[in-house]
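A.B. asks: Sharing structure_23.cif (mmCIF, C-alpha atoms; chains and numbers go by the auth columns) below.
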```cif
data_upload
loop_
_atom_site.group_PDB
_atom_site.id
_atom_site.type_symbol
_atom_site.label_atom_id
_atom_site.label_comp_id
_atom_site.label_asym_id
_atom_site.label_seq_id
_atom_site.Cartn_x
_atom_site.Cartn_y
_atom_site.Cartn_z
_atom_site.B_iso_or_equiv
_atom_site.auth_seq_id
_atom_site.auth_asym_id
ATOM 1 C CA MET A 1 -56.151 32.754 10.490 0.00 368 A
ATOM 2 C CA ASN A 2 -54.765 30.478 13.139 0.00 369 A
ATOM 3 C CA ALA A 3 -53.045 28.354 10.431 0.00 370 A
ATOM 4 C CA THR A 4 -51.385 31.463 8.984 0.00 371 A
ATOM 5 C CA ASN A 5 -50.048 32.505 12.394 0.00 372 A
ATOM 6 C CA ARG A 6 -48.821 28.950 12.988 0.00 373 A
ATOM 7 C CA SER A 7 -46.968 28.807 9.643 0.00 374 A
ATOM 8 C CA GLU A 8 -45.356 32.199 10.317 0.00 375 A
ATOM 9 C CA GLN A 9 -44.305 30.985 13.748 0.00 376 A
ATOM 10 C CA VAL A 10 -42.793 27.797 12.246 0.00 377 A
ATOM 11 C CA GLU A 11 -40.933 29.885 9.640 0.00 378 A
ATOM 12 C CA GLN A 12 -39.549 32.142 12.358 0.00 379 A
ATOM 13 C CA GLU A 13 -38.449 29.119 14.426 0.00 380 A
ATOM 14 C CA THR A 14 -36.809 27.586 11.336 0.00 381 A
ATOM 15 C CA GLU A 15 -34.987 30.830 10.561 0.00 382 A
ATOM 16 C CA THR A 16 -33.848 31.043 14.196 0.00 383 A
ATOM 17 C CA GLU A 17 -32.537 27.427 14.039 0.00 384 A
ATOM 18 C CA ILE A 18 -30.728 28.165 10.775 0.00 385 A
ATOM 19 C CA ASP A 19 -29.172 31.282 12.297 0.00 386 A
ATOM 20 C CA ASN A 20 -28.112 29.298 15.378 0.00 387 A
ATOM 21 C CA ASN A 21 -26.643 26.544 13.184 0.00 388 A
ATOM 22 C CA LEU A 22 -24.750 29.085 11.066 0.00 389 A
ATOM 23 C CA ALA A 23 -23.411 30.730 14.220 0.00 390 A
ATOM 24 C CA ALA A 24 -22.277 27.344 15.555 0.00 391 A
ATOM 25 C CA VAL A 25 -20.580 26.511 12.254 0.00 392 A
ATOM 26 C CA SER A 26 -18.849 29.888 12.237 0.00 393 A
ATOM 27 C CA ASP A 27 -17.639 29.332 15.811 0.00 394 A
ATOM 28 C CA VAL A 28 -16.254 25.899 14.916 0.00 395 A
ATOM 29 C CA GLU A 29 -14.508 27.275 11.813 0.00 396 A
ATOM 30 C CA ALA A 30 -13.025 30.122 13.860 0.00 397 A
ATOM 31 C CA GLY A 31 -11.784 27.619 16.442 0.00 398 A
ATOM 32 C CA ILE A 32 -10.177 25.496 13.736 0.00 399 A
ATOM 33 C CA ARG A 33 -8.488 28.543 12.196 0.00 400 A
ATOM 34 C CA GLU A 34 -7.167 29.619 15.595 0.00 401 A
ATOM 35 C CA PHE A 35 -5.897 26.100 16.323 0.00 402 A
ATOM 36 C CA VAL A 36 -4.080 25.929 12.989 0.00 403 A
ATOM 37 C CA ARG A 37 -2.549 29.367 13.500 0.00 404 A
ATOM 38 C CA ASN A 38 -1.289 28.395 16.947 0.00 405 A
ATOM 39 C CA ASP A 39 -0.125 24.998 15.731 0.00 406 A
ATOM 40 C CA ILE A 40 2.082 26.359 12.938 0.00 407 A
ATOM 41 C CA ALA A 41 3.084 29.625 14.590 0.00 408 A
ATOM 42 C CA TYR A 42 6.397 28.125 15.710 0.00 409 A
ATOM 43 C CA LEU A 43 7.291 27.617 12.030 0.00 410 A
ATOM 44 C CA ARG A 44 7.117 31.366 11.426 0.00 411 A
ATOM 45 C CA ARG A 45 9.270 32.313 14.397 0.00 412 A
ATOM 46 C CA PRO A 46 13.014 32.461 13.799 0.00 413 A
ATOM 47 C CA PRO A 47 14.913 29.887 15.824 0.00 414 A
ATOM 48 C CA GLN A 48 16.297 31.269 19.037 0.00 415 A
ATOM 49 C CA VAL A 49 19.996 30.583 19.304 0.00 416 A
ATOM 50 C CA SER A 50 21.501 31.057 22.691 0.00 417 A
ATOM 51 C CA THR A 51 24.871 32.759 22.727 0.00 418 A
ATOM 52 C CA GLU A 52 25.471 31.809 26.335 0.00 419 A
ATOM 53 C CA PRO A 53 27.789 28.846 26.800 0.00 420 A
ATOM 54 C CA LEU A 54 26.086 25.730 28.067 0.00 421 A
ATOM 55 C CA GLU A 55 26.812 24.505 31.529 0.00 422 A
ATOM 56 C CA PRO A 56 29.135 21.492 31.591 0.00 423 A
ATOM 57 C CA ASN A 57 26.364 19.316 33.010 0.00 424 A
ATOM 58 C CA THR A 58 23.921 20.421 30.300 0.00 425 A
ATOM 59 C CA GLU A 59 26.534 19.927 27.598 0.00 426 A
ATOM 60 C CA ALA A 60 27.236 16.395 28.838 0.00 427 A
ATOM 61 C CA THR A 61 23.509 15.641 28.780 0.00 428 A
ATOM 62 C CA VAL A 62 23.232 16.940 25.230 0.00 429 A
ATOM 63 C CA ASN A 63 26.211 14.831 24.179 0.00 430 A
ATOM 64 C CA ASN A 64 24.685 11.766 25.850 0.00 431 A
ATOM 65 C CA VAL A 65 21.402 12.345 24.055 0.00 432 A
ATOM 66 C CA ASN A 66 23.194 12.827 20.734 0.00 433 A
ATOM 67 C CA SER A 67 25.204 9.657 21.318 0.00 434 A
ATOM 68 C CA LEU A 68 22.038 7.724 22.168 0.00 435 A
ATOM 69 C CA ILE A 69 20.282 8.995 19.050 0.00 436 A
ATOM 70 C CA GLN A 70 23.263 8.045 16.878 0.00 437 A
ATOM 71 C CA ARG A 71 23.377 4.527 18.365 0.00 438 A
ATOM 72 C CA VAL A 72 19.639 4.005 17.924 0.00 439 A
ATOM 73 C CA ALA A 73 19.707 5.450 14.415 0.00 440 A
ATOM 74 C CA GLY A 74 22.809 3.404 13.556 0.00 441 A
ATOM 75 C CA THR A 75 21.151 0.208 14.758 0.00 442 A
ATOM 76 C CA SER A 76 17.978 1.042 12.859 0.00 443 A
ATOM 77 C CA LEU A 77 19.918 1.844 9.695 0.00 444 A
ATOM 78 C CA ALA A 78 21.900 -1.381 9.985 0.00 445 A
ATOM 79 C CA GLU A 79 18.675 -3.359 10.393 0.00 446 A
ATOM 80 C CA ILE A 80 17.082 -1.576 7.442 0.00 447 A
ATOM 81 C CA GLU A 81 20.143 -2.249 5.263 0.00 448 A
ATOM 82 C CA LYS A 82 20.118 -5.913 6.331 0.00 449 A
ATOM 83 C CA LEU A 83 16.418 -6.143 5.508 0.00 450 A
ATOM 84 C CA ILE A 84 16.982 -4.527 2.110 0.00 451 A
ATOM 85 C CA SER A 85 19.778 -7.004 1.400 0.00 452 A
ATOM 86 C CA GLU A 86 17.556 -9.939 2.393 0.00 453 A
ATOM 87 C CA LEU A 87 14.721 -8.633 0.223 0.00 454 A
ATOM 88 C CA GLU A 88 17.058 -8.235 -2.748 0.00 455 A
ATOM 89 C CA SER A 89 18.327 -11.801 -2.372 0.00 456 A
ATOM 90 C CA LEU A 90 14.746 -13.021 -2.041 0.00 457 A
ATOM 91 C CA ARG A 91 13.833 -11.103 -5.206 0.00 458 A
ATOM 92 C CA ASP A 92 16.743 -12.734 -7.052 0.00 459 A
ATOM 93 C CA LEU A 93 15.687 -16.161 -5.780 0.00 460 A
ATOM 94 C CA LEU A 94 12.078 -15.607 -6.856 0.00 461 A
ATOM 95 C CA HIS A 95 13.231 -14.392 -10.272 0.00 462 A
ATOM 96 C CA ALA A 96 15.424 -17.492 -10.723 0.00 463 A
ATOM 97 C CA GLU A 97 12.606 -19.779 -9.569 0.00 464 A
ATOM 98 C CA GLY A 98 10.190 -18.069 -11.947 0.00 465 A
ATOM 99 C CA GLN A 99 12.540 -18.702 -14.849 0.00 466 A
ATOM 100 C CA ARG A 100 12.985 -22.336 -13.762 0.00 467 A
ATOM 101 C CA VAL A 101 9.216 -22.852 -13.581 0.00 468 A
ATOM 102 C CA GLN A 102 8.836 -21.330 -17.052 0.00 469 A
ATOM 103 C CA ARG A 103 11.466 -23.747 -18.400 0.00 470 A
ATOM 104 C CA GLU A 104 9.727 -26.684 -16.715 0.00 471 A
ATOM 105 C CA ILE A 105 6.349 -25.686 -18.145 0.00 472 A
ATOM 106 C CA SER A 106 7.878 -25.311 -21.604 0.00 473 A
ATOM 107 C CA GLY A 107 9.473 -28.774 -21.282 0.00 474 A
ATOM 108 C CA TYR A 108 6.163 -30.310 -20.197 0.00 475 A
ATOM 109 C CA ALA A 109 4.363 -28.631 -23.108 0.00 476 A
ATOM 110 C CA GLN A 110 6.898 -30.022 -25.588 0.00 477 A
ATOM 111 C CA LEU A 111 6.667 -33.459 -23.982 0.00 478 A
ATOM 112 C CA SER A 112 2.876 -33.315 -24.140 0.00 479 A
ATOM 113 C CA GLN A 113 2.934 -32.376 -27.839 0.00 480 A
ATOM 114 C CA ALA A 114 5.387 -35.195 -28.603 0.00 481 A
ATOM 115 C CA ALA A 115 3.169 -37.659 -26.709 0.00 482 A
ATOM 116 C CA MET A 116 0.110 -36.478 -28.662 0.00 483 A
ATOM 117 C CA LYS A 117 1.945 -36.903 -31.987 0.00 484 A
ATOM 118 C CA SER A 118 3.122 -40.391 -31.000 0.00 485 A
ATOM 119 C CA THR A 119 -0.392 -41.341 -29.914 0.00 486 A
ATOM 120 C CA ARG A 120 -1.818 -40.127 -33.248 0.00 487 A
ATOM 121 C CA MET A 121 0.798 -42.074 -35.196 0.00 488 A
ATOM 122 C CA ILE A 122 0.043 -45.240 -33.204 0.00 489 A
ATOM 123 C CA ALA A 123 -3.697 -44.741 -33.622 0.00 490 A
ATOM 124 C CA ASP A 124 -3.274 -44.215 -37.392 0.00 491 A
ATOM 125 C CA ASN A 125 -1.108 -47.356 -37.685 0.00 492 A
ATOM 126 C CA VAL A 126 -3.602 -49.415 -35.677 0.00 493 A
ATOM 127 C CA THR A 127 -6.412 -48.116 -37.903 0.00 494 A
ATOM 128 C CA GLN A 128 -4.455 -49.100 -41.028 0.00 495 A
ATOM 129 C CA TRP A 129 -3.706 -52.574 -39.605 0.00 496 A
ATOM 130 C CA LYS A 130 -7.374 -52.992 -38.708 0.00 497 A
ATOM 131 C CA ARG A 131 -8.430 -52.071 -42.260 0.00 498 A
ATOM 132 C CA ALA A 132 -5.870 -54.441 -43.665 0.00 499 A
ATOM 133 C CA ALA A 133 -7.080 -57.250 -41.359 0.00 500 A
ATOM 134 C CA ASP A 134 -10.707 -56.519 -42.273 0.00 501 A
ATOM 135 C CA GLY A 135 -9.730 -56.597 -45.978 0.00 502 A
ATOM 136 C CA LEU A 136 -8.081 -59.989 -45.547 0.00 503 A
ATOM 137 C CA ARG A 137 -11.097 -61.466 -43.748 0.00 504 A
ATOM 138 C CA ASN A 138 -13.496 -60.235 -46.405 0.00 505 A
ATOM 139 C CA SER A 139 -11.494 -61.663 -49.255 0.00 506 A
#
```
Let's see the structure in the file written out as structure tokens.
C.D. replies:
Amino acid sequence: MNATNRSEQVEQETETEIDNNLAAVSDVEAGIREFVRNDIAYLRRPPQVSTEPLEPNTEATVNNVNSLIQRVAGTSLAEIEKLISELESLRDLLHAEGQRVQREISGYAQLSQAAMKSTRMIADNVTQWKRAADGLRNS
């Protein structure tokens, strides 16, 4: 009887833990949803355009910021274009070197085959001379 009460108590504790875990998961999911809604809410709002003229000081600041952004962007774009140009020339150089290496390998292969043929011819001639010399000694 005591074991039955104990198992029922363990089941109730387990169910309570599961309920607590589910509640915690639901709270976390709700927090994530709320965060996402707040994070992208500005995308849904129409942009607010001010019809009031800017103060001269504010307008000068805006122009200075725009000028700074254009200079930084211009410098970055120039550097990127220079880098692209360098990479293209490097690609061309590597392509040319690859073709040169292929030609060199082909030349070495042909030279190797010619050397093997010459060596075979010499070996065959030496074998024939040896047979002829052996034939003369035996006669």
A.B. asks: Between CA of Gln469 in chain A and CA of Met483 in chain A, measure the distance and give it in Å to one decimal.
C.D. replies: 21.0 Å
A.B. asks: Distance CA of Val429 in chain A-CA of Glu448 in chain A, one decimal place?
C.D. replies: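 So the two atoms, CA of Val429 in chain A and CA of Glu448 in chain A, lie 27.9 Å apart.
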A.B. asks: Please report the interatomic distance between CA of Ile472 in chain A and CA of Ile489 in chain A in Å with one decimal.
C.D. replies: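 So the answer is 25.5 Å.
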A.B. asks: Return as lines of an AutoDock Vina configuration file the box centre and box size in Å, one decimal, for an axis-aligned box around all listed atoms of range 441-456 of chain A padded by 6 Å per side.
C.D. replies:
```
center_x = 18.8
center_y = -4.2
center_z = 6.0
size_x = 20.1
size_y = 27.2
size_z = 29.5
```
